[in-house]
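*Asks:* What follows is work.txt; its format and atoms are compact mmCIF, C-alpha atoms and all ligand atoms.
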# COMPACT_ATOMS: atom_id res chain seq x y z
CA MET M 18 0.00 0.00 0.00
CA THR M 19 1.34 3.46 -0.84
CA THR M 20 0.61 6.26 1.59
CA THR M 21 0.20 9.83 0.48
CA THR M 22 2.79 12.06 2.09
CA GLN M 23 2.89 15.82 2.53
CA ALA M 24 5.39 15.90 -0.37
CA ASP M 25 2.80 14.24 -2.64
CA THR M 26 0.12 16.68 -1.53
CA TRP M 27 2.45 19.56 -2.32
CA GLY M 28 3.35 18.01 -5.66
CA LEU M 29 7.09 17.95 -4.96
CA HIS M 30 9.18 16.35 -7.69
CA GLU M 31 8.66 12.58 -7.71
CA SER M 32 12.42 11.91 -7.77
CA GLN M 33 12.75 13.47 -4.28
CA PHE M 34 12.08 10.22 -2.40
CA TRP M 35 13.75 11.48 0.80
CA LEU M 36 10.82 13.90 1.25
CA ARG M 37 8.48 10.91 1.26
CA GLY M 38 9.86 9.13 4.30
CA LYS M 39 12.10 6.78 2.30
CA GLN M 40 15.77 5.96 2.77
CA PRO M 41 17.74 5.16 -0.41
CA GLU M 42 18.31 1.55 -1.42
CA GLU M 43 21.93 2.42 -2.19
CA ARG M 44 23.79 5.37 -0.66
CA VAL M 45 25.91 5.62 -3.82
CA HIS M 46 23.91 4.74 -6.87
CA HIS M 47 24.89 4.60 -10.53
CA ALA M 48 22.09 6.10 -12.63
CA ALA M 49 23.32 4.44 -15.82
CA GLU M 50 20.38 5.69 -17.87
CA LEU M 51 21.24 9.31 -17.00
CA GLY M 52 25.01 8.86 -17.24
CA PHE M 53 25.97 9.92 -13.72
CA TRP M 54 26.13 8.78 -10.07
CA ASN M 55 23.87 9.79 -7.21
CA VAL M 56 25.31 10.19 -3.73
CA TYR M 57 22.54 10.10 -1.13
CA GLY M 58 24.29 9.23 2.16
CA HIS M 59 25.52 11.84 4.64
CA PRO M 60 29.00 10.40 5.39
CA GLU M 61 29.50 9.69 1.68
CA ALA M 62 28.43 13.23 0.72
CA GLU M 63 30.83 14.69 3.30
CA GLU M 64 33.64 12.49 2.02
CA VAL M 65 33.09 13.85 -1.50
CA LEU M 66 32.80 17.49 -0.49
CA ARG M 67 35.91 17.35 1.68
CA ASP M 68 38.15 15.93 -1.03
CA PRO M 69 38.35 18.38 -3.94
CA ALA M 70 41.42 16.63 -5.39
CA THR M 71 39.42 13.47 -6.09
CA TYR M 72 36.06 15.14 -6.63
CA SER M 73 36.56 18.19 -8.80
CA SER M 74 34.03 21.01 -9.10
CA ASP M 75 34.96 21.48 -12.76
CA THR M 76 32.12 19.37 -14.09
CA THR M 77 31.56 21.08 -17.44
CA ARG M 78 34.36 19.04 -19.00
CA LEU M 79 32.04 16.03 -18.73
CA VAL M 80 29.12 17.70 -20.51
CA PRO M 81 28.95 16.36 -24.08
CA LYS M 82 29.69 19.15 -26.56
CA ASP M 83 26.72 18.20 -28.71
CA MET M 84 24.35 18.94 -25.83
CA LEU M 85 24.94 22.63 -26.49
CA ALA M 86 25.16 22.29 -30.24
CA ASP M 87 21.74 20.61 -30.15
CA ALA M 88 20.43 23.50 -28.08
CA ASP M 89 21.30 25.67 -31.08
CA LEU M 90 22.99 28.38 -29.06
CA ASP M 91 26.29 30.06 -29.71
CA ILE M 92 27.79 29.54 -26.28
CA ASP M 93 31.31 28.78 -25.18
CA LEU M 94 31.01 26.87 -21.92
CA GLU M 95 34.58 27.60 -20.91
CA GLU M 96 34.01 31.30 -21.38
CA MET M 97 30.84 31.05 -19.36
CA GLN M 98 32.62 29.24 -16.57
CA ALA M 99 35.75 31.38 -16.14
CA GLY M 100 35.66 33.00 -12.72
CA ASN M 101 32.69 30.91 -11.55
CA LEU M 102 33.74 30.19 -7.99
CA LEU M 103 31.42 27.19 -7.74
CA GLN M 104 33.28 25.38 -10.52
CA LEU M 105 36.85 26.20 -9.64
CA ASP M 106 39.34 23.83 -8.05
CA PRO M 107 42.41 24.65 -5.93
CA PRO M 108 44.70 26.50 -6.16
CA LEU M 109 42.74 29.06 -8.21
CA HIS M 110 39.59 28.52 -6.12
CA ASN M 111 41.31 29.62 -2.96
CA LYS M 112 42.72 32.77 -4.55
CA MET M 113 39.41 33.77 -6.10
CA ARG M 114 37.42 33.00 -2.95
CA LYS M 115 39.70 35.27 -0.94
CA LEU M 116 38.65 38.17 -3.16
CA VAL M 117 35.09 38.05 -1.89
CA SER M 118 35.47 36.49 1.53
CA ARG M 119 36.23 39.97 2.91
CA ALA M 120 32.81 41.12 1.69
CA PHE M 121 31.14 38.46 3.84
CA THR M 122 33.03 38.59 7.14
CA PRO M 123 30.88 38.29 10.29
CA LYS M 124 31.34 42.02 10.96
CA VAL M 125 30.35 43.12 7.44
CA VAL M 126 27.32 40.84 7.54
CA ALA M 127 26.28 41.90 11.07
CA ASP M 128 26.41 45.55 9.98
CA LEU M 129 23.76 44.77 7.36
CA GLU M 130 21.17 43.94 10.02
CA PRO M 131 19.52 47.40 10.20
CA ARG M 132 19.26 47.56 6.42
CA ILE M 133 17.73 44.05 6.26
CA ALA M 134 15.19 45.06 8.92
CA ALA M 135 14.38 48.29 7.08
CA VAL M 136 13.84 46.50 3.74
CA THR M 137 11.69 43.85 5.44
CA ASN M 138 9.46 46.49 7.04
CA GLU M 139 9.28 48.47 3.82
CA MET M 140 8.18 45.38 1.88
CA LEU M 141 5.58 44.42 4.46
CA ASP M 142 4.24 48.00 4.62
CA ALA M 143 3.86 47.91 0.85
CA ALA M 144 2.01 44.59 1.07
CA GLY M 145 -0.76 46.40 2.97
CA SER M 146 -3.01 45.19 5.76
CA SER M 147 -5.61 43.16 3.93
CA GLY M 148 -5.04 40.17 6.20
CA ARG M 149 -3.27 38.31 3.36
CA LEU M 150 0.32 37.97 2.20
CA GLU M 151 1.83 36.15 -0.71
CA LEU M 152 5.00 35.61 1.21
CA VAL M 153 7.29 35.01 -1.76
CA GLU M 154 6.20 37.97 -3.86
CA ASP M 155 5.73 40.30 -0.90
CA LEU M 156 8.93 39.48 1.01
CA ALA M 157 10.90 36.29 0.36
CA TYR M 158 11.83 37.23 -3.21
CA PRO M 159 12.48 40.98 -2.92
CA LEU M 160 14.39 40.97 0.40
CA PRO M 161 17.42 38.85 -0.55
CA VAL M 162 17.57 40.22 -4.08
CA ILE M 163 17.61 43.82 -2.83
CA VAL M 164 20.33 43.00 -0.29
CA ILE M 165 22.64 41.26 -2.76
CA ALA M 166 21.99 43.83 -5.51
CA GLU M 167 22.95 46.63 -3.12
CA LEU M 168 26.10 44.78 -2.07
CA LEU M 169 27.13 44.22 -5.66
CA GLY M 170 26.10 47.70 -6.72
CA VAL M 171 23.49 46.93 -9.38
CA PRO M 172 20.11 48.70 -9.19
CA ALA M 173 17.75 46.72 -6.95
CA SER M 174 14.91 48.22 -8.98
CA ASP M 175 15.97 45.92 -11.83
CA ARG M 176 14.90 42.91 -9.79
CA HIS M 177 11.93 42.24 -12.05
CA LEU M 178 14.40 41.75 -14.89
CA PHE M 179 16.51 39.29 -12.85
CA LYS M 180 13.40 37.38 -11.93
CA GLY M 181 12.46 36.78 -15.56
CA TRP M 182 15.95 35.49 -16.37
CA VAL M 183 16.36 33.42 -13.23
CA ASP M 184 12.94 31.83 -13.70
CA LYS M 185 14.16 30.68 -17.11
CA LEU M 186 17.20 29.07 -15.51
CA PHE M 187 15.23 26.82 -13.21
CA ASP M 188 11.85 26.56 -14.86
CA SER M 189 12.00 22.97 -16.04
CA SER M 190 11.00 19.82 -14.21
CA GLU M 191 13.18 17.75 -16.58
CA GLN M 192 15.85 15.68 -14.90
CA PHE M 193 19.39 16.46 -15.99
CA SER M 194 20.99 13.74 -18.09
CA LEU M 195 24.35 13.24 -19.76
CA LYS M 196 22.78 10.57 -21.98
CA GLU M 197 19.79 10.84 -24.22
CA GLN M 198 18.74 14.42 -24.93
CA THR M 199 14.97 14.39 -25.34
CA GLU M 200 13.21 17.40 -26.81
CA GLY M 201 12.09 18.42 -23.33
CA ARG M 202 15.65 18.27 -21.98
CA GLN M 203 17.01 20.26 -24.91
CA GLU M 204 14.35 22.89 -24.46
CA ALA M 205 15.27 23.10 -20.76
CA VAL M 206 19.00 23.51 -21.53
CA LYS M 207 18.24 26.14 -24.14
CA LYS M 208 15.94 28.14 -21.91
CA SER M 209 18.36 27.94 -19.03
CA LEU M 210 21.29 29.14 -21.16
CA GLU M 211 19.19 31.99 -22.56
CA GLY M 212 18.45 33.15 -19.03
CA GLN M 213 22.13 32.83 -18.15
CA GLN M 214 23.16 34.82 -21.23
CA ALA M 215 20.75 37.64 -20.44
CA LEU M 216 22.13 37.92 -16.90
CA VAL M 217 25.70 37.91 -18.17
CA GLU M 218 24.97 40.66 -20.72
CA TYR M 219 23.24 42.76 -18.07
CA LEU M 220 26.14 42.42 -15.63
CA GLY M 221 28.66 43.11 -18.42
CA VAL M 222 27.22 46.61 -18.89
CA HIS M 223 27.64 47.34 -15.17
CA VAL M 224 31.16 45.92 -15.09
CA ASP M 225 32.17 48.18 -18.00
CA GLU M 226 30.74 51.18 -16.17
CA ARG M 227 32.75 50.38 -13.03
CA ARG M 228 35.95 50.20 -15.06
CA LYS M 229 35.32 53.77 -16.21
CA GLN M 230 33.87 55.01 -12.95
CA PRO M 231 34.73 53.12 -9.77
CA ARG M 232 32.27 53.17 -6.87
CA GLU M 233 32.09 51.84 -3.33
CA ASP M 234 30.66 48.45 -4.23
CA LEU M 235 31.55 44.81 -4.69
CA LEU M 236 31.53 45.02 -8.49
CA THR M 237 34.21 47.73 -8.36
CA LYS M 238 36.25 45.59 -5.93
CA LEU M 239 36.09 42.69 -8.36
CA VAL M 240 37.07 44.93 -11.29
CA GLU M 241 40.09 46.21 -9.33
CA ALA M 242 41.06 42.88 -7.74
CA GLU M 243 44.25 41.08 -8.71
CA VAL M 244 45.13 37.39 -8.62
CA ASP M 245 48.86 36.63 -8.89
CA GLY M 246 49.48 40.24 -9.92
CA GLU M 247 46.95 40.17 -12.73
CA LYS M 248 43.54 41.78 -12.94
CA LEU M 249 40.58 39.50 -13.61
CA THR M 250 39.32 39.43 -17.19
CA ARG M 251 35.95 41.01 -17.99
CA ASN M 252 34.53 37.53 -18.35
CA GLU M 253 35.79 36.45 -14.96
CA VAL M 254 34.37 39.51 -13.21
CA VAL M 255 31.00 39.06 -14.91
CA ASN M 256 30.75 35.36 -14.08
CA PHE M 257 31.88 35.92 -10.51
CA ALA M 258 29.22 38.60 -10.05
CA ASN M 259 26.67 36.35 -11.71
CA VAL M 260 27.25 33.57 -9.19
CA LEU M 261 26.89 36.00 -6.31
CA LEU M 262 23.72 37.52 -7.70
CA LEU M 263 22.16 34.15 -8.44
CA ALA M 264 23.27 32.23 -5.36
CA GLY M 265 22.62 35.32 -3.26
CA HIS M 266 18.92 35.42 -3.74
CA ILE M 267 17.10 32.41 -5.12
CA THR M 268 18.20 30.09 -2.33
CA THR M 269 17.43 32.59 0.42
CA THR M 270 13.99 33.17 -1.08
CA MET M 271 13.37 29.45 -0.65
CA LEU M 272 14.85 29.44 2.86
CA LEU M 273 12.43 32.17 4.03
CA GLY M 274 9.40 30.53 2.43
CA ASN M 275 10.31 27.04 3.60
CA ALA M 276 10.92 28.18 7.19
CA VAL M 277 7.49 29.82 7.36
CA LEU M 278 5.90 26.76 5.77
CA CYS M 279 7.62 24.39 8.23
CA LEU M 280 6.16 26.39 11.13
CA ASP M 281 2.73 26.42 9.50
CA THR M 282 2.77 22.65 9.17
CA HIS M 283 4.06 22.27 12.74
CA PRO M 284 1.84 24.69 14.71
CA GLN M 285 3.18 23.49 18.06
CA TRP M 286 6.62 24.72 16.95
CA ASP M 287 5.18 27.95 15.58
CA GLU M 288 3.81 28.68 19.03
CA ARG M 289 7.05 27.79 20.82
CA VAL M 290 9.30 29.75 18.48
CA ARG M 291 7.06 32.83 18.64
CA ALA M 292 7.14 32.66 22.43
CA ASP M 293 10.89 32.05 22.69
CA ARG M 294 12.77 33.92 19.99
CA SER M 295 16.06 32.24 20.88
CA LEU M 296 14.53 29.31 18.95
CA VAL M 297 14.44 31.29 15.68
CA PRO M 298 18.02 30.39 14.58
CA PRO M 299 17.64 26.65 15.34
CA ALA M 300 14.25 26.66 13.61
CA ILE M 301 15.94 28.12 10.53
CA GLU M 302 18.68 25.45 10.67
CA GLU M 303 16.08 22.69 10.99
CA SER M 304 14.06 24.02 8.07
CA LEU M 305 17.28 24.03 6.00
CA ARG M 306 17.74 20.37 6.90
CA TYR M 307 14.10 19.41 6.48
CA LEU M 308 13.52 21.24 3.18
CA SER M 309 16.98 21.96 1.72
CA PRO M 310 16.68 24.64 -0.97
CA PHE M 311 19.70 23.60 -3.04
CA ALA M 312 19.09 19.84 -3.19
CA ALA M 313 22.24 18.76 -5.06
CA VAL M 314 25.74 19.88 -5.98
CA ALA M 315 27.77 18.30 -8.78
CA ARG M 316 31.32 16.93 -8.81
CA ALA M 317 33.55 15.06 -11.29
CA THR M 318 35.90 12.24 -10.28
CA THR M 319 39.52 12.83 -11.20
CA ARG M 320 40.49 9.18 -10.56
CA GLU M 321 38.94 5.83 -9.78
CA VAL M 322 37.76 5.87 -6.20
CA GLU M 323 36.00 3.74 -3.60
CA LEU M 324 32.93 5.50 -2.19
CA GLY M 325 30.44 3.91 0.20
CA GLY M 326 31.67 0.43 -0.78
CA THR M 327 31.24 1.10 -4.51
CA THR M 328 33.96 1.70 -7.08
CA VAL M 329 33.39 4.86 -9.07
CA PRO M 330 35.63 5.13 -12.16
CA ALA M 331 37.55 8.29 -13.12
CA ASP M 332 35.82 11.06 -15.11
CA GLN M 333 32.35 10.36 -13.78
CA MET M 334 29.83 12.99 -12.77
CA LEU M 335 28.33 12.76 -9.31
CA MET M 336 25.21 14.46 -8.04
CA VAL M 337 25.71 14.91 -4.33
CA TRP M 338 22.18 15.10 -2.92
CA VAL M 339 22.70 17.17 0.21
CA ALA M 340 18.91 17.21 0.67
CA ALA M 341 18.86 13.40 0.85
CA ALA M 342 21.93 13.35 3.12
CA ASN M 343 20.01 15.67 5.44
CA ARG M 344 17.48 12.87 5.96
CA ASP M 345 20.06 10.10 6.48
CA ASP M 346 18.82 8.04 9.43
CA ARG M 347 22.40 7.03 10.31
CA VAL M 348 23.10 10.65 11.25
CA PHE M 349 19.74 12.18 12.16
CA ALA M 350 17.41 10.43 14.60
CA ASP M 351 13.82 10.53 13.28
CA PRO M 352 14.99 12.28 10.12
CA ASP M 353 11.44 12.96 8.93
CA THR M 354 10.48 14.81 12.10
CA PHE M 355 10.85 18.60 12.15
CA THR M 356 12.38 19.49 15.48
CA PRO M 357 14.36 22.70 15.97
CA LEU M 358 15.90 21.27 19.15
CA ARG M 359 18.32 19.01 17.24
CA ASP M 360 21.75 19.56 18.67
CA PRO M 361 24.02 19.11 16.85
CA ASN M 362 22.33 19.58 13.49
CA PRO M 363 25.12 18.79 11.00
CA HIS M 364 22.98 19.41 7.91
CA LEU M 365 24.71 19.89 4.58
CA ALA M 366 22.32 22.49 3.14
CA PHE M 367 25.19 24.99 2.76
CA GLY M 368 27.63 22.33 1.55
CA ARG M 369 30.94 21.40 3.27
CA GLY M 370 34.63 21.89 2.77
CA ILE M 371 36.28 24.50 0.58
CA HIS M 372 33.09 25.45 -1.31
CA PHE M 373 31.04 25.87 1.87
CA CYS M 374 28.51 28.59 1.12
CA ILE M 375 30.16 31.98 1.42
CA GLY M 376 26.76 33.60 1.91
CA ALA M 377 25.61 31.34 4.76
CA PRO M 378 26.01 34.04 7.48
CA LEU M 379 24.05 36.48 5.31
CA ALA M 380 21.30 33.97 4.54
CA ARG M 381 21.01 33.09 8.23
CA LEU M 382 20.83 36.75 9.21
CA GLU M 383 18.17 37.51 6.61
CA GLY M 384 16.18 34.52 7.85
CA ARG M 385 16.44 35.55 11.50
CA VAL M 386 15.57 39.22 10.94
CA ALA M 387 12.69 38.48 8.57
CA LEU M 388 11.11 35.79 10.77
CA ASN M 389 11.29 37.97 13.87
CA ILE M 390 9.67 40.90 12.07
CA LEU M 391 6.96 38.64 10.63
CA PHE M 392 6.20 37.34 14.15
CA ASP M 393 6.15 40.89 15.54
CA ARG M 394 3.80 42.19 12.88
CA TYR M 395 1.35 39.33 12.46
CA PRO M 396 -0.34 37.29 15.19
CA ALA M 397 -0.54 34.31 12.82
CA LEU M 398 0.76 33.19 9.44
CA ARG M 399 -1.37 30.39 8.10
CA THR M 400 -1.68 28.71 4.73
CA ILE M 401 -5.11 29.04 3.17
CA PRO M 402 -7.31 25.99 2.53
CA GLY M 403 -7.85 25.71 -1.21
CA GLU M 404 -4.78 27.86 -2.00
CA PRO M 405 -1.84 25.51 -1.36
CA PRO M 406 1.76 26.63 -1.73
CA LYS M 407 3.44 26.17 -5.11
CA PHE M 408 6.97 24.82 -5.31
CA GLN M 409 9.93 25.15 -7.64
CA VAL M 410 9.52 22.47 -10.28
CA ASN M 411 13.23 21.84 -10.77
CA PRO M 412 14.24 18.43 -9.34
CA ASN M 413 17.44 19.95 -7.91
CA MET M 414 15.56 22.43 -5.77
CA THR M 415 13.14 22.29 -2.88
CA GLY M 416 11.44 25.54 -2.16
CA VAL M 417 8.23 27.44 -2.26
CA ARG M 418 7.56 29.63 -5.28
CA GLU M 419 4.20 30.94 -4.06
CA LEU M 420 3.02 30.92 -0.47
CA PRO M 421 -0.36 32.59 0.10
CA LEU M 422 -0.99 33.20 3.80
CA THR M 423 -3.58 34.74 6.08
CA THR M 424 -2.05 36.97 8.73
CA ALA M 425 -4.70 37.23 11.41
C1 LIG U 1 28.07 27.88 -2.27
C2 LIG U 1 23.65 26.81 -0.63
C3 LIG U 1 22.82 31.54 0.21
C4 LIG U 1 26.81 32.59 -2.30
C5 LIG U 1 26.98 27.20 -1.83
C6 LIG U 1 26.89 25.76 -1.74
C7 LIG U 1 25.65 25.46 -1.30
C8 LIG U 1 24.95 26.71 -1.09
C9 LIG U 1 25.08 24.07 -1.08
C10 LIG U 1 28.02 24.76 -2.05
C11 LIG U 1 28.13 24.46 -3.51
C12 LIG U 1 29.15 23.38 -3.81
O1 LIG U 1 29.74 22.79 -2.90
O2 LIG U 1 29.35 23.10 -5.01
C13 LIG U 1 23.07 28.01 -0.25
C14 LIG U 1 21.79 28.09 0.44
C15 LIG U 1 21.57 29.43 0.68
C16 LIG U 1 22.68 30.17 0.14
C17 LIG U 1 20.91 26.91 0.81
C18 LIG U 1 20.43 30.10 1.38
C19 LIG U 1 19.66 29.52 2.22
C20 LIG U 1 23.84 32.24 -0.38
C21 LIG U 1 23.99 33.68 -0.36
C22 LIG U 1 25.10 33.96 -1.10
C23 LIG U 1 25.68 32.72 -1.55
C24 LIG U 1 23.06 34.65 0.37
C25 LIG U 1 25.76 35.27 -1.44
C26 LIG U 1 25.57 36.37 -0.93
C27 LIG U 1 27.47 31.41 -2.51
C28 LIG U 1 28.74 31.32 -3.21
C29 LIG U 1 29.10 29.97 -3.19
C30 LIG U 1 28.06 29.25 -2.49
C31 LIG U 1 29.51 32.47 -3.83
C32 LIG U 1 30.36 29.35 -3.81
C33 LIG U 1 31.43 29.20 -2.78
C34 LIG U 1 32.62 28.46 -3.33
O3 LIG U 1 32.52 27.81 -4.37
O4 LIG U 1 33.69 28.58 -2.71
N1 LIG U 1 25.79 27.76 -1.41
N2 LIG U 1 23.56 29.27 -0.42
N3 LIG U 1 24.89 31.69 -1.09
N4 LIG U 1 27.09 30.14 -2.09
FE1 LIG U 1 25.38 29.72 -1.15
Can I see the file as structure tokens?
*Replies:*
Amino acid sequence: MTTTTQADTWGLHESQFWLRGKQPEERVHHAAELGFWNVYGHPEAEEVLRDPATYSSDTTRLVPKDMLADADLDIDLEEMQAGNLLQLDPPLHNKMRKLVSRAFTPKVVADLEPRIAAVTNEMLDAAGSSGRLELVEDLAYPLPVIVIAELLGVPASDRHLFKGWVDKLFDSSEQFSLKEQTEGRQEAVKKSLEGQQALVEYLGVHVDERRKQPREDLLTKLVEAEVDGEKLTRNEVVNFANVLLLAGHITTTMLLGNAVLCLDTHPQWDERVRADRSLVPPAIEESLRYLSPFAAVARATTREVELGGTTVPADQMLMVWVAAANRDDRVFADPDTFTPLRDPNPHLAFGRGIHFCIGAPLARLEGRVALNILFDRYPALRTIPGEPPKFQVNPNMTGVRELPLTTA
């Protein structure tokens, strides 16, 4: 007998079995039909993420060239990847990461708190007092995008443009495959690359402006930065900024929405967290574990390796499902129970090792400030019968896209 889970009711992607109370049959699984390996176990995922020499982040070399040719787009993947921190390996990764790590120190991030609070209040004032909120449109989307746009130095008022392009990037429910390229998959790749190209062109204009006229912003810092005595190329600056802009908002949007949704579905916790605000940070951590926004990260093996009792050959792509690892019953007792009191809570939602999310302190701060203000302003935040939340359709993401709520 199959039971209907909350994930089914919400229509979450059918491949996300870990959201349906299931443990994987194999912690390391070869998806031969898709041409890559899935890593679902927590210790196995950590092993991969902590060993960049064996598990490289430069995965584009394994993408068949004809995948792009078939998409009929004039795109040079290498050009698109230069300066993309997420795909760099040591030693260049370390040097490039240092360039931005100063922009995300605890002090710099803590100093953003008043601005985050001001933007949150401004957004909620604008949403009015009708007794309803669409949490994503009214707050969870604009807040992180405004914060990261201001840090970078691009106009936050352009956020409607970013949204159109970013939606294109993640708008498909097709599963990624290195093997057969169906029409649906090709359409998804094409749409995603179009969105990417539009973002890159947009950022290119701002980068050129900063070269002529420096300002006090992160884009200018990147334009002026040097690695081994050499300035970054235009391409590198643009791609670097692109990663920050993208990673800096879409995931945090999901974090805010998911945290509110977790409390709505666990009213006893909603009550406790509202009454004891010291529980806000652990509630955020638990919602990151329970509904991990960025479900998977990719790696490429540089040599044959033994992982979780399985031999993985060299030059294989791995999807490391941090979202599944976050439900591993060898590490988390009652993994399908939402309980902010977990201590420790070694979830992998921000990754591990050298690529550990640089924006984690900022995302956590945005989450804490926004949740506290929501609690202060509204006596209740409840989903509406007949208007269920809508989720991202992409199988590599878990996060609300629309969350209508009543506030009284
Ligand atoms: C890296 C998740 C927010 C910028 C990562 C990684 C994960 C992640 C899983 C590791 C990728 C890998 O190992 O390949 C998240 C989640 C967020 C969030 C769940 C929100 C809840 C942010 C924010 C920013 C940001 C707010 C920027 C302001 C980055 C960057 C990297 C990264 C630049 C690459 C670091 C590196 O490669 O060294 N993030 N992120 N992220 N994140 Fe985040």
*Asks:* May I ask which of the residues M:Arg347, M:Lys115, M:Arg37, M:Arg320 is the closest one to M:Tyr307, counting only C-alpha atoms?
*Replies:* M:Arg37
*Asks:* To check your reading of the model: which residues sit at most 8 Å from ligand LIG 1 (chain U) when counting all atoms listed in the file? Write the answer as a ChimeraX atom specification.
*Replies:* /M:66,74,101-105,110-111,114,121,161,165,257,260-273,305,309-316,339,365-381
*Asks:* Between M:Pro406, M:Gly181, M:Gly246, M:Gly170, which one has atoms that come closest to M:His223, using all atoms listed in the file?
*Replies:*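 Counting all atoms listed in the file, the residue closest to M:His223 is M:Gly170.
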*Asks:* Have a look at M:Arg385, M:Lys180, M:Arg418, M:Arg228 and name the one nearest to M:Gly212; count all atoms listed in the file.
*Replies:*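 Distance minimum relative to M:Gly212 lands on M:Lys180.
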*Asks:* Counting only C-alpha atoms, figure out which residue out of M:Leu324, M:Val410, M:Ala276, M:Leu391 gets nearest to M:Pro60.
*Replies:*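 Once distances to M:Pro60 are computed over only C-alpha atoms, the minimum belongs to M:Leu324.
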*Asks:* I'd like the contact shell of M:Gln98 - 9 Å cut-off, all atoms listed in the file, skipping same-chain residues fewer than 2 positions apart - returned as a list in words.
*Replies:*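 With the cut-off at 9 Å, the set is Asp75, Thr77, Asp93, Leu94, Glu95, Glu96, Gly100, Asn101, Leu102, Gln104, Leu105, Asn252, Glu253 and Asn256 of chain M.
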*Asks:* Restricting the calculation to all atoms listed in the file: of M:Pro284, M:Pro108, M:Gly28, M:Pro396, which residue gets closest to M:Val244?
*Replies:*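 Closest candidate: M:Pro108.
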*Asks:* Using only C-alpha atoms, pick whichever of M:Thr199, M:Asn259, M:Asn362, M:Thr415 has the shortest atom-to-atom distance to M:Gly221.
*Replies:*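 Of M:Thr199, M:Asn259, M:Asn362, M:Thr415, the one nearest M:Gly221, counting only C-alpha atoms, is M:Asn259.
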*Asks:* Env of M:Pro357: 10 Å cut, atoms = only C-alpha atoms, seq-sep filter 4 positions within chain, self excluded. Answer as a PyMOL selection string.
*Replies:* chain M and resi 286+290+296-304+306+362
*Asks:* Save the residues we just selected, C-alpha atoms, as a tab-separated table (two decimals), keeping the file's coordinate frame?
*Replies:*
chain	number	residue	atom	x	y	z
M	286	TRP	CA	6.62	24.72	16.95
M	290	VAL	CA	9.30	29.75	18.48
M	296	LEU	CA	14.53	29.31	18.95
M	297	VAL	CA	14.44	31.29	15.68
M	298	PRO	CA	18.02	30.39	14.58
M	299	PRO	CA	17.64	26.65	15.34
M	300	ALA	CA	14.25	26.66	13.61
M	301	ILE	CA	15.94	28.12	10.53
M	302	GLU	CA	18.68	25.45	10.67
M	303	GLU	CA	16.08	22.69	10.99
M	304	SER	CA	14.06	24.02	8.07
M	306	ARG	CA	17.74	20.37	6.90
M	362	ASN	CA	22.33	19.58	13.49
*Asks:* Do you know which residues lie at most 10 Å from (2.4, 35.4, 15.2), with coordinates as in the file and only C-alpha atoms counted, and could you write them as an NGL selection string?
*Replies:* :M and (287-288 or 290-292 or 388-399 or 424-425)
*Asks:* For a test of reading the model, state the distance in Å between atom CA of M:Trp54 and atom CA of M:Arg78, rounded to one decimal.
*Replies:*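 Computing the Euclidean distance for atom CA of M:Trp54 and atom CA of M:Arg78 yields 15.9 Å.
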*Asks:* Could you name the residues that touch M:Ser73 at 7 Å or less, counting all atoms listed in the file, but leaving out those on the same chain fewer than 5 positions away, as a list of chain:residue names?
*Replies:* M:Asp106, M:Arg316, M:Ala317, M:Thr318, M:Thr319
*Asks:* Compile the contact shell of M:Val171 as number ranges by chain: residues with an atom at most 12 Å away, counting all atoms listed in the file, same-chain residues fewer than 6 positions apart removed.
*Replies:* M: 162-165, 178-179, 216, 219-224, 226-227, 232-237, 258-259, 261-262
